[in-house]
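Structure first, then comments.
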Amino acid sequence: MPPIDTPAVPPDPTAAAGGRRPRRGKVTHFLGQNVGLVLALVMLVAAIVLYCAVYWAETQSLPGNFELTSTVNNTMPLVLAAIGQSFVVLTRGLDLSIGGTMDLANALAAVHIHDSPGSMVLWSVIVLAIGAGLGLVNGLLVGVGRLQPILATLATLSIYQGIAIKVLPQPGGSIPPVYTSVLVNPFQPYALLYVLLVALVWYAFRRSRIGVAIFAIGNDEQSARANGIDTVRARVTSFTLSGLFAGAAGLFLAATATAGDATTGNGFTLTSIVACVLGGMNLFGGRGSGIGVIAGAFVTTMIVNILFFSNIDPLYQSFYEGLFLVVAVVLSTAIGRFLRRSR
Amino acid sequence: MAKWNAALLQPLERAGLNRDRRRILYAFLAAILLFAVGEIVHPGFASPGSIGAIVMVASFVGLVAAGQTFVVLIGGIDLSVPWVLNGASILLVTSSLGQDDRAPWALLLTLGMGAAAGLVNGVAIAFLGVPAVVMTLAMNGIMEGLTLGLSGGLTCGACASYAPPVVADAVHGSLFGIPSALVLWLVVIALVSLLLSFTTFGRRTYATGNNPHASYLAGVNVRLITILLYVLSGLFAALAGILLVGFGGQASLGMGDPYLFQSIAAVVIGGVYMLGGRGHYLGVAAGAVTLVALVSVLLAMNMPDYGRNIIYGIVILLLLLLYGREEAED
Amino acid sequence: MIGRFTRRRFLQAGATAAAGLGVAGSLALPQLAPGIARAADKKFTIALSNSFIGNKWRIEMENVFKAALQMEPFASQVEGSWFNSGNDVSKQSQQISNLIAKKVDAIVVNAASPTGLNGILTQATQRGILVVSFDNIVTAPSVLKVNTDQVEFGKKLAQWLVDKLGGKGNVIMVTGVAGTSVDLDRNKGADEVWKANPGIKVVNRYTGMWDSSTAERNTTAILPSLPQIDGIWCQGGTDGVLKAFIAAKRPLPPTAGEAENGFRKFMIGYDGHKVDGISIGQPPFLSVISLELARRVLAGTYPKKDITIPFPYVTNDTVKVGETVFPDLPDSFFADFTDSGPDATVKMCIDGATDGKACPGELNVKLPPA
Amino acid sequence: MSEATQTAGGVVPPAVEGIRLAKAFGGVQAVDSATFSARPGEVHALVGENGAGKSTLIKLLGGRLRPDAGEVRAAGRKVELHGADDAHALGIWTVFQELTLLPWMTVAENLLIRREPRGRLGLIDRDRMVGEADRVLTWLGIDHIDPRALIEDLSLAQRQMVEIARVIIQDPSTLLLDEPTSSLGEKEVAWLFELIQGLRADGKCIIFTSHRWNEITSIADRITIFRNGAEVGTFTEIDEDRAVTLMTGRQLEAFYPQPPARAHDRAVLEVEELAGEGLRNASLTLHASEILGVGGLAGHGHRELFFSLFGAQAHSGRIVVDGRPARIRSPRDAARLGMALVPEDRKTEGLLLPLSVRANLTLAVLPAVSSLGLIGGARERGLAQGMVDALKIRTPGLGNPVRQLSGGNQQKVLLGRWLLADSRILLLYDVTRGVDVATKHEIYELMMRLAGEGRALLYYSSDAEELAHLCHRVLVMREGRIAAELSAPGITAEDIVTAAVRESRAAD
């Protein structure tokens with residue numbers, strides 16, 4: 001395929017317009033083209049620093065292993081949900097059914113996972129498959145049924161939640177401690193490995209054919225089609241991935257809780273969108289990084305911590321949260337715009 | 001299939017029912033169908049009293065959905081509805097202290113608050129380029145914090161006040177034998193339809209919703225329109241808050257919670273195009289009735305909660321697929 | 001009234017959560033300044049971790065907790081703080097982690113999910129922190145539980161109706177938030193009674209979401225198609241159900257419902273309407289009992305054991321203005337913020353419930369005999 | 001029917017053929033029983049007016065559209081092309097006029113999309129991809145384009161080159177190029193032609209469309225002329241006058257109306273040092289009754305000039321309207337000053353396709369047809385009907401969606417909108433693009449009439465021929481500046497193109 005073996009074309013490059021220009025470095029390009037990601041990481045670092053500061057002010061010590069472990073464990077479900085959401089956001093859509101899928105995954109896990117290794121592995125796989133299946137249904141409604149993502153998933157959200165309550169009518173069931181310690185070990189921050197794994201999955205996704213296709217439809221659907229990309233398949237895949245990750249998020253939620261509750265996933269629909277936005281994902285598709293989204297998820301947890309240690313009237317808490325969200329988005333939009341212009 | 005569809009659609013088309021008008025028709029048909037189904041599974045469901053009650057309840061959803069319709073017509077969404085509504089209901093009772101003579105000012109203040117919340121949404125969306133989903137979501141949190149904080153969690157001295165009798169009567173009374181909440185809704189339906197279909201503002205709204213860039217180049221003040229539409233959405237959320245206080249007598253926390261999902265669902269069922277530019281409030285009004293009728297049928301059937309969720313979702317999907325099929329025909 | 005979640009209304013709940021940020025806060029009352037007081041006289045640090053705060057019951061629950069902290073014996077023995085997280089399990093979990101990091105002596109928790117916090121709460125107890133859960137209690141075995149008996153709650157309401165109706169008649173059931181244990185338990189209790197009394201016919205059963213406004217709306221929509229109703233069994237939002245009956249010009253049948261002030265106003269006659277009823281409440285002072293339990297366990301004067309308190313209830317015969325019903329307070333106010341009678345567990349003044357202000361005198365919390 | 005080439009080796013069938021092809025869009029017959037054929041080893045130019053059906057033909061041959069009637073043959077065999085992939089499998093590749101690059105992806109990703117080098121675990125090896133892209137760019141002689149740059153950050157010419165490069169490296173046996181030079185300067189065109197000659201020498205078949213006659217004659221082996229959706233004839237030798245006559249169906253002079261004599265010398269619009277994104281200190285003066293043309297290669301600041309003047313793009317500089325300094329910060333400001341912009345892309349920038357003809361016509365004059373915000377139905381209909389009659393807009397009714405109208409009539413609706421607003425300064429941006437010949441002629445006549453009425457017209461066209469014939473003066477833009485000014489009489493299309501490409505560098 002490399003064109004070197006087609007000698008018919010002029011081998012003399014001097015005939016052409018322009019001379020070779022020095023290439024800008026890989027890193028320079030990366031920074032310039034991933035402003036959202038960079039800002040998300042900066043925001044995360046700032047949040048961590050601030051957290052350490054208020055933590056110090058309150059306890060005269062710095063956060064340690066326990067704080068790290070619990071922060072990572074508590075953020076894991078959001079990390080997964082937000083990454084799932086980001087696949088759909090890349091295609092200019094939103095997946096509102098993530099909460100419903102998490103509910104169902106959570107309920108199934110609590111009802112079916114028992115203390116034998118076989119059941120743990122088997123049911124984890126089944127739950128992930130069901131998550132992917134629910135995503136597939138969304139994908140088919142959007143890709144083949146040509147419904148708008150927000151509408152199709154609004155309807156399926158209701159359906160998935162209903163099924164979840166049918167599976168687990170009241171909070172209960174149990175998750176074996178072994179399962180918990182494998183997914184979200186309470187004593188050591190082993191869950192960082194999963195964060196790393198998610199980052200690697202994203203890395204691989206970004207470098208896969210289907211990843212390119214999903215990015216492409218977010219860039220420009222018509223161009224993507226003109227380039228021979230099967231846009232329907234890419235779209236269906238993005239929803240399927242979203243469902244798969246939502247399923248995984250449900251498993252982690254069950255594991256942290258050590259039991260199931262068919263309603264605890266609901267809030268993740270909107271928090272996952274928030275994490276995507278804080279992570280620098282462009283809601284109009286085609287741009288964004290999963291690494292940024294992971295950072296965005298951790299920022300939300302950091303904000304919980306910061307407000308915890310800063311003695312704020314709890315009644316006003318949503319006010320501060322809302323304000324923070326607006327300010328963060330406005331600032332990062334402004335900074336991003338400024339950086340791009342000054343390049 | 002396509003042919004069969006076309007054969008069916010052509011007479012409708014000839015009768016002046018273009019796609020948008022057909023969608024209104026479908027929304028009404030869906031409501032009628034639900035009443036019929038309800039009557040079968042639960043005799044008495046389609047009695048005049050029952051229909052009246054359902055339509056009355058639908059009017060609350062319909063009012064919030066009016067605001068939602070405005071912003072959806074330009075491809076936006078308003079997620080701040082719940083706490084704007086809550087805030088409005090609390091502001092009304094705390095500022096009126098349940099007294100009729102203070103009611104006019106309290107009403108103005110409350111509507112003003114709703115408009116102000118909408119204004120902030122609109123300005124941030126139109127000028128700062130914050131995505132509507134994010135901005136209105138944040139606004140919901142901001143309003144929640146402010147409402148809870150300022151009223152001390154509804155423990156303030158004035159928080160115990162009742163809706164001024166004039167407001168309560170306006171909701172519970174009746175005019176020419178029609179419940180006055182319903183009369184108000186009919187007036188709102190007429191006004192909103194008039195506003196959207198026969199005014200320059202409405203024309204510019206549809207233009208902006210269809211193509212903001214082209215409208216801008218045609219001299220439409222797209223930002224102003226955007227802001228005004230969010231203001232209207234805030235206003236209607238506040239209006240619904242006022243009516244709910246009148247209906248229930250007092251403000252309570254969490255009053256607005258159910259209205260977000262329902263207002264969006266009503267807009268969807270009413271055939272408004274979520275990406276903007278097409279749809280009528282008449283359809284949304286029918287959508288609100290359909291929605292409440294659906295919920296009521298399921299309640300009447302003693303449907304367990306999970307079943308209600310599932311059927312609810314399936315009905316919306318079916319309607320969407322019906323609309324979508326027509327989309328493909330065009 | 002337990003929980004009063006509106007979790008299932010996902011959008012709102014999400015919106016609260018959405019900002020994703022959590023929060024906390026302690027109102028930093030001067031005498032509660034952390035660290036200093038503790039070093040001086042070794043107060044117990046006890047924190048309240050509440051989830052959702054957007055309804056009246058939760059506010060009162062927090063207010064009486066705050067009030068108790070300012071009264072003896074708590075004022076001199078306990079350094080308290082309180083935090084809200086909204087209905088976001090991860091957020092509450094993170095806040096509890098922060099409480100563990102602060103090394104509090106005890107955590108009193110009203111959970112966003114009965115199971116969702118088990119992981120982190122078990123960690124807390126493993127680290128020697130005493131955890132007491134109340135209202136929406138958690139299932140983790142190492143956590144102490146303070147609650148009323150929810151099955152009994154449902155039973156008692158139903159039995160009262162059966163007695164009132166002479167075992168025969170049409171009844172509607174207004175249920176709570178699906179997917180919660182409380183809702184299921186209360187319904188279960190009622191169903192047991194209906195089973196034993198075949199003359200009672202449940203003509204409809206629908207949710208009121210433990211919310212007066214929703215209960216009113218749903219009742220309004222469904223009522224016209226229902227036959228004559230002889231009795232109302234309601235888990236919550238009782239005043240809303242009655243208002244819908246009044247609007248539909250139906251007579252108010254005997255009603256077994258929650259402790260909303262609005263409902264009790266109807267019991268004493270309000271606006272020309274009077275209802276015969278029984279009003280049982282999930283008492284907001286569960287937070288205070290939990291606080292007391294934590295204090296005494298920490299002090300070593302009470303064994304580590306779960307507490308089930310009898311729910312306070314009133315009927316038309318016992319309802320009393322200024323004590324169990326308050327015409328000047330909102331309908332959504334929970335009139336059972338205090339217990340009454342000689343065996344009362346907690347007696348709290350009204351300022352405590354509305355403003356979180358200390359009541360005069362000492363606070364005497366009567367735990368069941370050890 | 002199908003022609004074959006006799007060679008030493010025997011009969012070689014044409015590389016690609018279209019036989020009695022027909023394709024209609026919403027009632028407009030874009031291609032109507034067109035027959036076309038091109039051989040291996042030849043460069044075949046396809047010429048015709050805008051809207052003659054060239055682009056549609058290319059899409060039919062390239063597999064992007066399916067014909068309503070007729071057949072496509074490749075290498076002598078009838079083929080059914082269900083999509084681009086089918087065409088690609090036969091070695092038929094297309095470079096479209098509308099670029100199909102993905103803006104937020106890198107040059108390398110775009111160049112090698114769907115054929116990225118894989119590394120471990122089957123994942124795309126990005127470094128290798130960049131290396132390979134760099135090699136391709138170097139080998140094609142366009143290594144001033146950085147493979148790691150985002151498409152968004154490239155100039156239009158660079159994008160066009162990437163688009164061409166992307167297809168060339170697929171080693172096509174038949175290459176379809178739809179207006180490949182419209183945004184290229186002199187050197188880039190030379191680069192492209194050298195590429196094409198290399199391909200021809202290698203026995204490939206190259207079909208391209210262009211509006212620049214000197215380019216066509218310099219490289220094409222054969223020329224097929226299209227008019228009204230069908231071929232008029234195929235020639236190996238033809239002079240420009242004859243070709244234009246065939247393309248337009250009338251004599252050159254007769255096709256283009258004479259611009260009216262300028263009655264006034266009053267400057268209505270004076271622009272000094274206008275600068276902004278893509279625009280560097282452009283100055284111009286527009287007089288009443290004047291048709292001032294603006295020409296040059298695509299992507300050299302015309303659009304920015306028009307949009308800045310109309311307030312739709314941030315700019316600095318001085319604008320004087322009717323002798324008074326004007327601050328134009330939005331299209332509304334501009335409209336109030338009597339200005340109007342008719343943009344090139346009427347579908348995305350001009351019209352509101354689902355809305356009625358009436359609503360589209362009156363959008364800019366709503367206050368005039370309403371009182372207290374209420375639209376007067378009768379008054380609105382009256383005004384709209386008046387304009388429909390005046391401009392001979394062919395529509396089933398005032399209430400029909402404007403989507404249902406043909407391209408030319410849509411363009412008239414857009415013009416009508418501003419005529420209703422009685423705009424005196426008309427900024428017409430490539431208004432005849434994609435318009436059928438008859439309507440085009442009507443638009444010319446209309447322009448003359450408007451100028452005759454004393455209105456001032458600033459007129460950009462991608463068709464130099466139009467500018468040469470219709471304008472009093474022509475400004476040629478290059479790299480965001482006014483590079484030359486030509487005055488009638490005696491402007492020729494060559495002059496314009498020459499001025500546009502002269503000294504032009506590959507804009508980077």
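Chain labels A, B, ... are given in the sequence in which chains occur in the structure tokens; within each chain residues are numbered consecutively from 1, and ligands are likewise numbered from 1 in the order shown.
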Quick check for you: according to DSSP on this backbone, which residues of segment 174-318 of chain B are classed as strand (DSSP E or B)? Reply as a PDB file with N, CA and C atoms, in the first residue's frame.
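result-v5.pdb was written with the following content:
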```pdb
ATOM      1  N   SER B 174     -63.968  27.523  39.500  1.00  0.00           N
ATOM      2  CA  SER B 174     -64.325  27.175  38.131  1.00  0.00           C
ATOM      3  C   SER B 174     -64.990  28.360  37.455  1.00  0.00           C
ATOM      4  N   LEU B 175     -64.888  28.350  36.152  1.00  0.00           N
ATOM      5  CA  LEU B 175     -65.404  29.438  35.353  1.00  0.00           C
ATOM      6  C   LEU B 175     -66.337  28.803  34.326  1.00  0.00           C
ATOM      7  N   ILE B 178     -66.142  25.201  34.033  1.00  0.00           N
ATOM      8  CA  ILE B 178     -64.854  24.579  33.707  1.00  0.00           C
ATOM      9  C   ILE B 178     -63.882  24.943  34.828  1.00  0.00           C
ATOM     10  N   PRO B 179     -63.139  23.963  35.324  1.00  0.00           N
ATOM     11  CA  PRO B 179     -62.177  24.296  36.387  1.00  0.00           C
ATOM     12  C   PRO B 179     -61.249  25.419  35.921  1.00  0.00           C
ATOM     13  N   THR B 199     -46.678  35.674  15.400  1.00  0.00           N
ATOM     14  CA  THR B 199     -45.931  36.884  15.741  1.00  0.00           C
ATOM     15  C   THR B 199     -44.541  36.841  15.131  1.00  0.00           C
ATOM     16  N   GLN B 250     -49.810  24.921  50.009  1.00  0.00           N
ATOM     17  CA  GLN B 250     -48.557  25.386  50.579  1.00  0.00           C
ATOM     18  C   GLN B 250     -47.401  24.955  49.708  1.00  0.00           C
TER      19      GLN B 250
END
```
Any idea what's packed within 7 Å of Asp32 of chain D, counting only C-alpha atoms, ignoring anything in its chain fewer than 3 positions away? Could you give it as a ChimeraX atom specification? /D:21-23,29,229-230
Those residues with N, CA, C and O atoms, as a PDB file, in the first residue's frame please?
```
ATOM      1  N   LEU D  21     -27.047   8.059 -18.722  1.00  0.00           N
ATOM      2  CA  LEU D  21     -27.289   8.193 -17.292  1.00  0.00           C
ATOM      3  C   LEU D  21     -28.310   9.296 -17.020  1.00  0.00           C
ATOM      4  O   LEU D  21     -28.340  10.304 -17.725  1.00  0.00           O
ATOM      5  N   ALA D  22     -29.117   9.072 -16.021  1.00  0.00           N
ATOM      6  CA  ALA D  22     -30.073  10.107 -15.622  1.00  0.00           C
ATOM      7  C   ALA D  22     -30.141  10.151 -14.100  1.00  0.00           C
ATOM      8  O   ALA D  22     -30.035   9.118 -13.424  1.00  0.00           O
ATOM      9  N   LYS D  23     -30.235  11.345 -13.583  1.00  0.00           N
ATOM     10  CA  LYS D  23     -30.359  11.496 -12.132  1.00  0.00           C
ATOM     11  C   LYS D  23     -31.109  12.790 -11.837  1.00  0.00           C
ATOM     12  O   LYS D  23     -30.773  13.845 -12.377  1.00  0.00           O
ATOM     13  N   GLN D  29     -33.802  17.798 -12.927  1.00  0.00           N
ATOM     14  CA  GLN D  29     -33.053  16.777 -13.649  1.00  0.00           C
ATOM     15  C   GLN D  29     -31.595  17.232 -13.745  1.00  0.00           C
ATOM     16  O   GLN D  29     -31.245  18.043 -14.583  1.00  0.00           O
ATOM     17  N   GLY D 229     -27.259  19.008 -18.188  1.00  0.00           N
ATOM     18  CA  GLY D 229     -27.332  17.628 -17.731  1.00  0.00           C
ATOM     19  C   GLY D 229     -26.980  16.593 -18.793  1.00  0.00           C
ATOM     20  O   GLY D 229     -27.127  15.402 -18.542  1.00  0.00           O
ATOM     21  N   ALA D 230     -26.506  17.013 -19.943  1.00  0.00           N
ATOM     22  CA  ALA D 230     -26.115  16.023 -20.946  1.00  0.00           C
ATOM     23  C   ALA D 230     -24.908  16.518 -21.716  1.00  0.00           C
ATOM     24  O   ALA D 230     -24.611  17.724 -21.731  1.00  0.00           O
TER      25      ALA D 230
END
```
Determine which residues of chain A sit within 9 Å of chain B, taking into account only C-alpha atoms, and present them as number ranges by chain. A: 141, 145-148, 150-152, 154-166, 169, 270, 273-274, 277, 283, 313-326, 329-330, 333-334
Which residues of chain D have any atom within 6 Å of an atom in chain A when counting only C-alpha atoms, and what is the closest pair of atoms for each, with the distance in Å to one decimal? Order the rows by chain and rising number and write it as CSV.
```
residue,atom,partner,partner_atom,distance
D:Thr100,CA,A:Ser223,CA,4.3
D:Leu102,CA,A:Asn219,CA,5.6
D:Leu123,CA,A:Arg207,CA,5.4
D:Ile124,CA,A:Arg207,CA,4.8
D:Gly141,CA,A:Pro13,CA,4.0
D:Asp143,CA,A:Arg20,CA,5.0
D:His144,CA,A:Arg20,CA,4.5
D:Ile169,CA,A:Pro3,CA,5.4
D:Lys187,CA,A:Ala17,CA,5.2
D:Glu188,CA,A:Ala17,CA,5.4
D:Trp191,CA,A:Ala16,CA,4.7
D:Leu195,CA,A:Val9,CA,5.8
D:Gly198,CA,A:Val9,CA,4.4
D:Leu199,CA,A:Val9,CA,5.9
D:Asp202,CA,A:Ala8,CA,5.3
```
Using 8 Å as the limit and counting only C-alpha atoms, can you tabulate each residue of chain B that touches chain D, with its shortest atom-to-atom distance in Å and the two atoms involved, as a Markdown table?
```
| residue | atom | partner | partner_atom | distance |
| --- | --- | --- | --- | --- |
| B:Phe198 | CA | D:Ile375 | CA | 5.6 |
| B:Thr199 | CA | D:Leu374 | CA | 4.3 |
| B:Thr200 | CA | D:Gly373 | CA | 5.4 |
| B:Phe201 | CA | D:Gly373 | CA | 7.0 |
| B:Arg203 | CA | D:Ala359 | CA | 7.6 |
| B:Arg204 | CA | D:Leu363 | CA | 7.6 |
| B:Ala207 | CA | D:Leu352 | CA | 6.5 |
| B:Asn210 | CA | D:Leu352 | CA | 6.2 |
| B:Asn211 | CA | D:Leu352 | CA | 6.3 |
| B:His213 | CA | D:Glu349 | CA | 6.0 |
| B:Ala214 | CA | D:Glu349 | CA | 4.2 |
| B:Ser215 | CA | D:Gly350 | CA | 7.7 |
| B:Tyr216 | CA | D:Pro331 | CA | 6.8 |
| B:Leu217 | CA | D:Pro331 | CA | 5.7 |
| B:Ala218 | CA | D:Ala364 | CA | 5.9 |
| B:Gly219 | CA | D:Arg332 | CA | 4.3 |
| B:Val220 | CA | D:Arg332 | CA | 6.8 |
| B:Asn221 | CA | D:Arg332 | CA | 7.2 |
```
If you run DSSP on the backbone, which residues of segment 55-179 of chain C are helix (DSSP H, G or I), as a PyMOL selection string? chain C and resi 56-69+74-77+89-101+118-126+150-165
Go through A:Leu168, A:Ala129, A:Leu94, A:Leu244 and flag the residue nearest Gly260 of chain A, using only C-alpha atoms for the distances.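 Ranking A:Leu168, A:Ala129, A:Leu94, A:Leu244 by distance to Gly260 of chain A, first place goes to A:Leu168.
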